[in-house]
$ cat work_3.txt   # compact mmCIF, C-alpha atoms
# COMPACT_ATOMS: atom_id res chain seq x y z
CA MET B 1 14.79 0.57 35.73
CA LYS B 2 14.43 -3.18 36.08
CA SER B 3 14.38 -5.34 32.97
CA ARG B 4 11.35 -7.54 32.47
CA ASP B 5 11.71 -11.33 32.75
CA THR B 6 15.33 -11.08 33.93
CA GLU B 7 14.91 -14.01 36.29
CA LEU B 8 13.27 -16.40 33.84
CA PRO B 9 15.20 -19.59 33.05
CA ASN B 10 16.59 -19.57 29.53
CA LYS B 11 14.38 -22.44 28.37
CA GLU B 12 11.13 -21.22 29.91
CA ARG B 13 8.74 -19.72 27.41
CA ILE B 14 7.54 -16.18 27.90
CA LYS B 15 3.80 -16.60 27.49
CA TRP B 16 2.99 -13.02 26.54
CA ILE B 17 5.65 -13.18 23.82
CA ASP B 18 3.81 -16.18 22.41
CA GLY B 19 0.63 -14.11 22.58
CA ILE B 20 2.01 -11.16 20.65
CA ARG B 21 3.74 -13.48 18.16
CA ALA B 22 0.46 -15.28 17.48
CA LEU B 23 -1.29 -11.93 17.07
CA ALA B 24 1.45 -10.76 14.69
CA VAL B 25 0.99 -13.56 12.17
CA LEU B 26 -2.82 -13.28 12.33
CA CYS B 27 -2.43 -9.56 11.58
CA VAL B 28 -0.19 -10.29 8.59
CA ILE B 29 -2.72 -12.71 7.12
CA LEU B 30 -5.50 -10.15 7.62
CA CYS B 31 -3.45 -7.47 5.86
CA HIS B 32 -2.80 -9.63 2.81
CA CYS B 33 -6.36 -10.92 2.61
CA THR B 34 -7.67 -7.36 2.74
CA GLU B 35 -5.30 -6.38 -0.09
CA ALA B 36 -6.55 -9.35 -2.12
CA VAL B 37 -10.18 -8.18 -1.94
CA TYR B 38 -9.75 -4.39 -1.95
CA GLU B 39 -7.52 -2.32 -4.18
CA ILE B 40 -6.06 0.14 -1.70
CA ASP B 41 -5.91 3.28 -3.82
CA ALA B 42 -7.89 6.50 -4.11
CA VAL B 43 -9.73 5.54 -7.31
CA HIS B 44 -11.09 2.20 -6.14
CA MET B 45 -11.70 3.16 -2.53
CA SER B 46 -13.80 6.15 -3.55
CA ASP B 47 -16.09 3.89 -5.61
CA ILE B 48 -17.24 1.65 -2.75
CA PHE B 49 -19.75 2.16 0.06
CA PRO B 50 -18.36 4.22 2.98
CA VAL B 51 -18.96 1.39 5.48
CA SER B 52 -17.03 -1.03 3.29
CA GLU B 53 -14.23 1.51 2.84
CA VAL B 54 -13.92 2.04 6.60
CA PHE B 55 -13.92 -1.75 7.13
CA ALA B 56 -11.11 -2.14 4.59
CA VAL B 57 -8.98 0.62 6.10
CA ILE B 58 -9.44 -0.71 9.65
CA CYS B 59 -8.52 -4.26 8.59
CA PHE B 60 -5.54 -3.00 6.61
CA THR B 61 -4.34 -0.90 9.55
CA VAL B 62 -4.67 -3.75 12.04
CA GLY B 63 -2.94 -6.02 9.56
CA ARG B 64 0.00 -3.63 9.26
CA LEU B 65 0.71 -4.12 12.98
CA GLY B 66 2.10 -7.60 12.31
CA VAL B 67 5.56 -6.62 11.10
CA PRO B 68 6.21 -4.09 13.91
CA PHE B 69 5.25 -6.80 16.41
CA PHE B 70 7.70 -9.28 14.85
CA LEU B 71 10.50 -6.70 14.86
CA MET B 72 9.89 -5.64 18.45
CA ILE B 73 9.81 -9.28 19.58
CA SER B 74 13.23 -9.79 17.99
CA GLY B 75 14.61 -6.67 19.66
CA TYR B 76 13.16 -7.74 23.00
CA LEU B 77 14.67 -11.23 22.82
CA LEU B 78 17.98 -10.63 21.05
CA LEU B 79 19.39 -7.26 22.10
CA ASP B 80 19.48 -7.58 25.89
CA ARG B 81 22.26 -10.16 25.81
CA GLU B 82 26.01 -10.37 25.92
CA TYR B 83 27.62 -12.07 22.93
CA THR B 84 31.10 -13.51 23.36
CA TYR B 85 33.26 -14.26 20.34
CA GLU B 86 31.99 -17.85 20.29
CA GLN B 87 28.38 -16.75 20.78
CA CYS B 88 28.65 -14.31 17.87
CA LEU B 89 29.88 -17.09 15.62
CA GLY B 90 27.13 -19.36 16.93
CA PHE B 91 24.48 -16.72 16.25
CA TRP B 92 25.66 -16.22 12.69
CA LYS B 93 25.86 -19.96 12.08
CA ASN B 94 22.71 -21.15 13.82
CA LYS B 95 20.40 -18.20 13.27
CA TRP B 96 21.64 -15.99 10.43
CA LEU B 97 22.87 -18.76 8.11
CA HIS B 98 19.78 -20.86 8.82
CA LEU B 99 17.55 -17.89 7.99
CA PHE B 100 19.56 -17.17 4.84
CA VAL B 101 19.15 -20.73 3.55
CA CYS B 102 15.45 -20.68 4.47
CA THR B 103 15.06 -17.43 2.52
CA GLU B 104 16.73 -18.85 -0.58
CA ILE B 105 14.50 -21.93 -0.45
CA TRP B 106 11.32 -19.85 -0.34
CA ILE B 107 12.45 -17.49 -3.08
CA VAL B 108 12.76 -20.56 -5.32
CA VAL B 109 9.45 -22.03 -4.08
CA TYR B 110 7.51 -18.85 -4.85
CA ARG B 111 9.14 -18.31 -8.22
CA VAL B 112 8.20 -21.87 -9.25
CA PHE B 113 4.71 -21.59 -7.74
CA LEU B 114 3.97 -18.28 -9.46
CA SER B 115 5.22 -19.62 -12.78
CA VAL B 116 2.47 -22.27 -12.53
CA TYR B 117 -0.35 -20.43 -10.76
CA GLY B 118 0.55 -16.82 -11.46
CA ASP B 119 1.89 -14.57 -14.16
CA ARG B 120 5.63 -14.95 -13.54
CA SER B 121 7.95 -16.85 -15.86
CA LEU B 122 10.47 -19.32 -14.53
CA ASN B 123 13.45 -17.25 -15.68
CA LEU B 124 16.75 -18.48 -14.23
CA GLY B 125 18.44 -15.10 -14.54
CA VAL B 126 15.60 -13.33 -12.71
CA LEU B 127 15.55 -16.06 -10.06
CA LEU B 128 19.28 -15.61 -9.41
CA GLU B 129 18.82 -11.84 -9.13
CA GLU B 130 16.13 -12.42 -6.49
CA MET B 131 18.38 -14.87 -4.64
CA PHE B 132 21.22 -12.33 -4.61
CA PHE B 133 18.77 -9.66 -3.32
CA ILE B 134 19.24 -7.34 -6.28
CA ARG B 135 15.67 -7.68 -7.59
CA GLU B 136 12.29 -7.38 -5.87
CA ASN B 137 10.98 -10.79 -4.81
CA SER B 138 8.29 -12.42 -6.92
CA SER B 139 6.03 -12.73 -3.88
CA SER B 140 5.63 -9.32 -2.30
CA HIS B 141 5.65 -10.50 1.34
CA LEU B 142 9.20 -11.86 0.95
CA TRP B 143 10.58 -8.28 1.12
CA TYR B 144 10.80 -8.94 4.85
CA MET B 145 13.46 -11.63 4.49
CA PRO B 146 16.45 -9.65 3.10
CA MET B 147 15.52 -6.81 5.44
CA ILE B 148 15.65 -9.01 8.55
CA LEU B 149 18.81 -10.71 7.30
CA GLY B 150 20.49 -7.30 7.07
CA ILE B 151 19.52 -6.44 10.64
CA TYR B 152 20.34 -9.88 12.06
CA LEU B 153 23.86 -9.68 10.67
CA LEU B 154 24.81 -7.02 13.23
CA VAL B 155 22.56 -8.03 16.12
CA PRO B 156 25.44 -9.41 18.25
CA VAL B 157 27.51 -6.27 17.66
CA ALA B 158 24.57 -3.98 18.43
CA ALA B 159 23.71 -5.95 21.58
CA ASN B 160 27.26 -5.67 22.91
CA ALA B 161 27.30 -1.95 22.11
CA LEU B 162 24.00 -1.45 23.96
CA ARG B 163 25.29 -3.28 27.03
CA ALA B 164 28.27 -0.92 27.15
CA THR B 165 26.04 2.17 26.84
CA ASP B 166 24.06 3.93 29.53
CA ILE B 167 20.49 3.40 28.36
CA LYS B 168 19.63 7.04 29.13
CA LEU B 169 21.95 8.08 26.31
CA LEU B 170 19.61 6.45 23.77
CA ARG B 171 16.90 9.04 24.32
CA TRP B 172 18.16 11.82 22.04
CA PRO B 173 19.46 9.67 19.16
CA LEU B 174 16.16 7.79 19.19
CA ILE B 175 14.14 11.02 19.11
CA ILE B 176 16.21 12.44 16.25
CA TYR B 177 16.26 9.24 14.21
CA GLY B 178 12.56 8.66 14.91
CA GLY B 179 11.71 12.18 13.78
CA PHE B 180 13.32 11.68 10.41
CA ALA B 181 12.14 8.08 10.01
CA PHE B 182 8.49 8.71 10.91
CA ILE B 183 7.66 12.43 10.81
CA TYR B 184 9.22 13.21 7.42
CA PRO B 185 7.19 10.57 5.49
CA ALA B 186 3.99 11.79 7.16
CA VAL B 187 4.73 15.41 6.24
CA ALA B 188 5.47 14.41 2.65
CA ALA B 189 2.14 12.54 2.53
CA VAL B 190 0.27 15.58 3.89
CA TYR B 191 1.81 17.71 1.14
CA GLY B 192 0.56 15.20 -1.40
CA ILE B 193 -2.95 15.09 0.08
CA LEU B 194 -3.16 18.90 0.07
CA GLY B 195 -1.84 19.04 -3.49
CA ILE B 196 1.19 21.07 -2.50
CA LYS B 197 4.03 20.69 -4.97
CA HIS B 198 7.34 20.18 -3.23
CA SER B 199 10.89 19.04 -3.77
CA LEU B 200 11.35 17.44 -0.36
CA SER B 201 14.08 14.84 -0.36
CA LEU B 202 15.39 13.35 2.86
CA GLN B 203 19.13 13.92 3.13
CA PHE B 204 19.65 12.74 6.70
CA SER B 205 21.57 9.46 7.00
CA PHE B 206 20.20 6.82 9.34
CA GLY B 207 23.69 5.42 9.73
CA PHE B 208 23.88 2.75 12.39
CA SER B 209 20.24 3.05 13.46
CA GLY B 210 18.96 0.39 11.06
CA GLY B 211 16.43 2.91 9.77
CA THR B 212 12.74 2.41 10.47
CA TYR B 213 13.06 -1.32 11.07
CA GLY B 214 16.07 -0.90 13.34
CA ILE B 215 14.08 1.57 15.44
CA TYR B 216 11.36 -1.05 15.94
CA PHE B 217 14.09 -3.41 17.15
CA ILE B 218 15.30 -0.80 19.64
CA LEU B 219 11.75 -0.15 20.86
CA GLY B 220 11.41 -3.85 21.68
CA TYR B 221 14.70 -3.65 23.59
CA LEU B 222 13.50 -0.58 25.51
CA VAL B 223 10.32 -2.43 26.53
CA LYS B 224 12.58 -5.19 27.87
CA LYS B 225 14.54 -2.60 29.86
CA GLY B 226 11.35 -1.25 31.38
CA TRP B 227 11.38 2.17 29.74
CA PHE B 228 7.61 2.34 29.45
CA GLN B 229 6.57 0.61 32.68
CA LYS B 230 5.44 3.90 34.20
CA TYR B 231 2.59 4.03 31.68
CA LYS B 232 -0.28 1.97 33.05
CA ASN B 233 -2.41 -0.27 30.85
CA ASN B 234 -5.28 2.19 30.65
CA MET B 235 -2.89 4.90 29.43
CA CYS B 236 -1.41 2.51 26.87
CA ALA B 237 -4.89 1.46 25.75
CA ALA B 238 -5.87 5.11 25.30
CA ALA B 239 -2.66 5.79 23.35
CA MET B 240 -3.29 2.73 21.17
CA THR B 241 -6.85 3.85 20.40
CA VAL B 242 -5.84 7.41 19.58
CA CYS B 243 -2.80 6.46 17.48
CA LEU B 244 -4.53 3.77 15.46
CA GLY B 245 -7.61 5.97 15.12
CA ILE B 246 -5.46 8.75 13.67
CA THR B 247 -3.87 6.21 11.32
CA VAL B 248 -7.26 5.11 10.01
CA ILE B 249 -8.57 8.69 9.67
CA PHE B 250 -5.41 9.77 7.85
CA GLN B 251 -5.92 7.10 5.19
CA LEU B 252 -9.60 7.93 4.79
CA TRP B 253 -8.72 11.62 4.44
CA ALA B 254 -6.17 10.78 1.74
CA PHE B 255 -8.66 8.71 -0.25
CA TYR B 256 -11.35 11.39 0.13
CA ALA B 257 -8.89 13.93 -1.29
CA GLY B 258 -8.15 11.66 -4.25
CA PHE B 259 -4.62 10.87 -3.05
CA THR B 260 -3.41 7.28 -2.94
CA TYR B 261 -1.70 6.70 0.38
CA LYS B 262 -0.51 3.14 1.04
CA LEU B 263 0.06 2.80 4.76
CA TRP B 264 3.59 1.67 5.57
CA TYR B 265 5.62 1.13 8.73
CA THR B 266 6.95 4.68 8.62
CA PHE B 267 3.65 6.21 9.75
CA PRO B 268 4.06 7.55 13.32
CA GLY B 269 0.55 6.56 14.41
CA LEU B 270 1.17 2.95 13.40
CA CYS B 271 4.52 2.87 15.23
CA LEU B 272 3.16 4.35 18.46
CA GLY B 273 0.02 2.21 18.31
CA ALA B 274 2.09 -0.95 17.88
CA LEU B 275 4.36 0.09 20.75
CA ALA B 276 1.34 0.67 23.02
CA VAL B 277 -0.05 -2.80 22.22
CA PHE B 278 3.37 -4.38 22.80
CA GLU B 279 3.72 -2.66 26.17
CA ILE B 280 0.24 -3.85 27.21
CA PHE B 281 1.14 -7.44 26.31
CA SER B 282 4.46 -7.20 28.16
CA GLY B 283 2.60 -6.68 31.42
CA MET B 284 0.34 -9.71 31.00
CA LYS B 285 0.57 -12.31 33.73
CA ARG B 286 -1.77 -14.75 32.03
CA VAL B 287 -2.64 -15.64 28.44
CA LEU B 288 -6.07 -17.08 27.72
CA CYS B 289 -6.31 -20.33 25.73
CA TYR B 290 -2.54 -20.64 25.99
CA LYS B 291 -2.29 -24.05 24.32
CA VAL B 292 -3.91 -22.66 21.18
CA VAL B 293 -1.87 -19.46 21.39
CA ARG B 294 1.35 -21.43 21.78
CA PHE B 295 0.54 -23.57 18.73
CA ILE B 296 -0.11 -20.48 16.62
CA ALA B 297 3.07 -18.84 17.97
CA ASN B 298 5.17 -21.94 17.26
CA TYR B 299 4.20 -21.83 13.60
CA SER B 300 3.90 -18.06 13.20
CA PHE B 301 6.99 -17.56 11.06
CA ALA B 302 6.33 -20.74 9.09
CA VAL B 303 2.83 -19.50 8.29
CA TYR B 304 4.28 -16.11 7.34
CA LEU B 305 6.38 -17.93 4.75
CA ILE B 306 3.68 -20.13 3.24
CA HIS B 307 0.37 -18.31 3.62
CA ASN B 308 0.61 -16.39 0.34
CA ILE B 309 0.44 -19.66 -1.56
CA PHE B 310 -3.03 -20.31 -0.15
CA ARG B 311 -4.04 -16.70 -0.58
CA ARG B 312 -3.23 -17.01 -4.28
CA LEU B 313 -5.06 -20.35 -4.62
CA PHE B 314 -8.25 -19.19 -2.88
CA MET B 315 -8.34 -15.58 -4.05
CA THR B 316 -10.00 -16.08 -7.45
CA PRO B 317 -12.87 -18.36 -6.31
CA VAL B 318 -13.55 -16.18 -3.25
CA LEU B 319 -13.62 -12.97 -5.31
CA ALA B 320 -16.11 -14.61 -7.68
CA LEU B 321 -18.64 -15.20 -4.90
CA PRO B 322 -21.82 -13.07 -5.03
CA THR B 323 -21.35 -11.56 -1.58
CA SER B 324 -20.07 -8.36 0.01
CA ARG B 325 -16.39 -7.49 0.15
CA PRO B 326 -16.15 -7.62 3.95
CA THR B 327 -17.57 -11.15 3.82
CA LYS B 328 -15.00 -12.08 1.18
CA VAL B 329 -12.18 -10.76 3.37
CA LEU B 330 -13.36 -12.83 6.32
CA LEU B 331 -13.90 -15.96 4.23
CA LEU B 332 -10.51 -15.67 2.53
CA TYR B 333 -8.91 -15.06 5.94
CA LEU B 334 -10.43 -18.23 7.39
CA LEU B 335 -9.43 -20.31 4.37
CA VAL B 336 -5.84 -19.04 4.31
CA ALA B 337 -5.31 -19.39 8.05
CA GLY B 338 -7.18 -22.69 8.19
CA CYS B 339 -4.92 -24.25 5.57
CA SER B 340 -1.61 -22.58 6.42
CA PHE B 341 -1.28 -23.80 10.01
CA PRO B 342 -1.96 -27.51 9.33
CA VAL B 343 0.39 -27.48 6.33
CA ALA B 344 3.10 -25.73 8.37
CA TYR B 345 2.66 -28.39 11.05
CA LEU B 346 3.02 -31.21 8.50
CA ILE B 347 6.07 -29.69 6.79
CA ASN B 348 7.71 -29.09 10.15
CA HIS B 349 7.49 -32.82 10.89
CA ILE B 350 9.31 -33.91 7.74
CA PRO B 351 12.36 -35.76 9.15
CA LYS B 352 15.62 -33.75 9.23
CA ILE B 353 14.60 -30.98 6.83
CA GLY B 354 11.17 -29.80 8.00
CA LYS B 355 12.42 -27.45 10.72
CA TYR B 356 15.11 -26.12 8.41
CA ILE B 357 12.67 -25.31 5.62
CA LEU B 358 10.41 -23.33 7.96
CA TYR B 359 13.00 -21.86 10.35
CA THR B 360 11.21 -23.35 13.34
CA LYS B 361 12.97 -24.04 16.63
$ encode --input "work_3.txt" --output "structure tokens"
Amino acid sequence: MKSRDTELPNKERIKWIDGIRALAVLCVILCHCTEAVYEIDAVHMSDIFPVSEVFAVICFTVGRLGVPFFLMISGYLLLDREYTYEQCLGFWKNKWLHLFVCTEIWIVVYRVFLSVYGDRSLNLGVLLEEMFFIRENSSSHLWYMPMILGIYLLVPVAANALRATDIKLLRWPLIIYGGFAFIYPAVAAVYGILGIKHSLSLQFSFGFSGGTYGIYFILGYLVKKGWFQKYKNNMCAAAMTVCLGITVIFQLWAFYAGFTYKLWYTFPGLCLGALAVFEIFSGMKRVLCYKVVRFIANYSFAVYLIHNIFRRLFMTPVLALPTSRPTKVLLLYLLVAGCSFPVAYLINHIPKIGKYILYTK
């Protein structure tokens, strides 16, 4: 199978990657704005109008696609390479260390911000525990940072191992790892929804796979290698519709049964739906409104870092408005996105330190 984009010059942008990256950050903002307006649990979801409940679940599901997109983009761009000794050191210095410092900066920023505008105290001991990754971050979206740092640390090693491996050999390990990573959590959730008491406890070790997030990386790499090219866009679109539809229905079923199910990246329908969307984008020859898309893509990670500040600032006044919840979600979404991108642009242009603070290229 022929890899995609193998003949592109190193410095030429891949337009469809910009498209999926822009979509990813817009999904993340939607997810967090939906969570700000709706309490995603069985008690609260059962107390609202069915149309509003379906709206919330659809928005939340679409929003959850953001992280899989980011992970698959990284796998697509970083794993189909050869890393020499010097390139490994360069990767760790220029990418990993930069990301590490950026993470530490934003852990401090959010701890200080939430001590002023939230309910967190500015406790030095707690702050240090967060910075050493031995305590949950004060801002929930920052869970992504230590996770991606852990994966990035071995990206050069994994890439070299993949280059030395016949790609066909990945099929069975991927199926086995994927079964435990995605099927087991779904089965456990079904038991909970049906009220079946169980003592299920996953004993299988994910070892070198990177777990759920590592599998998303590998899926991005497999798209790059053309594994899914035989599936035409209409087939991928059908798969996307079915998989995401099942994901929405599963959540609604859980809430109807009085079981709180918080959709996570381990749900198989979400994984396969995200993969179908990614494969559709990978075949795009043209991206509409590319200048706008490129701007959003350029600041996607920066906006990921800062958008929760604006969500926190706007959440209370928006929730106080005498309007429907779907309207509040849309209004909060526009306010958060509308402020985050200009602020990211301004910070990025601070001489010498702007790009470092936001991990922009």
$ atom_distance --input "work_3.txt" --atom1 "atom CA of Tyr345 of chain B" --atom2 "atom CA of Asp18 of chain B"
16.7 Å
$ residues_around --input "work_3.txt" --residues "Leu272 of chain B" --least-positions-apart "4" --cutoff "8 Å" --atoms "only C-alpha atoms" --output "count of residues only"
5
$ residues_around --input "work_3.txt" --residues "Glu104 of chain B" --least-positions-apart "5" --cutoff "12 Å" --atoms "all atoms listed in the file" --output "short mmCIF file (atom, residue, chain, number, x, y, z; two decimals) with C-alpha atoms, in the frame of the given file"
data_model
loop_
_atom_site.label_atom_id
_atom_site.label_comp_id
_atom_site.auth_asym_id
_atom_site.auth_seq_id
_atom_site.Cartn_x
_atom_site.Cartn_y
_atom_site.Cartn_z
CA LEU B 97 22.87 -18.76 8.11
CA HIS B 98 19.78 -20.86 8.82
CA LEU B 99 17.55 -17.89 7.99
CA VAL B 109 9.45 -22.03 -4.08
CA TYR B 110 7.51 -18.85 -4.85
CA ARG B 111 9.14 -18.31 -8.22
CA LEU B 127 15.55 -16.06 -10.06
CA LEU B 128 19.28 -15.61 -9.41
CA GLU B 129 18.82 -11.84 -9.13
CA GLU B 130 16.13 -12.42 -6.49
CA MET B 131 18.38 -14.87 -4.64
CA PHE B 132 21.22 -12.33 -4.61
CA PHE B 133 18.77 -9.66 -3.32
CA ASN B 137 10.98 -10.79 -4.81
CA LEU B 142 9.20 -11.86 0.95
CA MET B 145 13.46 -11.63 4.49
CA PRO B 146 16.45 -9.65 3.10
CA LEU B 149 18.81 -10.71 7.30
CA LEU B 305 6.38 -17.93 4.75
CA TYR B 356 15.11 -26.12 8.41
CA ILE B 357 12.67 -25.31 5.62
CA LEU B 358 10.41 -23.33 7.96
CA TYR B 359 13.00 -21.86 10.35
#
$ closest_residue --input "work_3.txt" --among "B:Tyr216, B:Tyr261, B:Phe208, B:Phe341" --to "Ile148 of chain B" --atoms "only C-alpha atoms"
B:Tyr216
$ residues_around --input "work_3.txt" --residues "Val190 of chain B" --least-positions-apart "2" --cutoff "10 Å" --atoms "only C-alpha atoms" --output "list in words"
Tyr184, Pro185, Ala186, Val187, Ala188, Gly192, Ile193, Leu194, Gly195, Ile196, Phe250, Trp253, Ala254, Phe259 and Tyr261 of chain B
$ atom_distance --input "work_3.txt" --atom1 "atom CA of Lys285 of chain B" --atom2 "atom CA of Glu12 of chain B"
14.3 Å
$ closest_residue --input "work_3.txt" --among "B:Arg311, B:His349, B:Lys224, B:Lys291" --to "Ile29 of chain B" --atoms "only C-alpha atoms"
B:Arg311
$ residues_around --input "work_3.txt" --residues "segment 151-153 of chain B" --least-positions-apart "4" --cutoff "7 Å" --atoms "only C-alpha atoms" --output "PyMOL selection string"
chain B and resi 96+147+210
$ closest_residue --input "work_3.txt" --among "B:Val343, B:Ser138, B:Leu331, B:Thr34" --to "Ser121 of chain B" --atoms "all atoms listed in the file"
B:Ser138
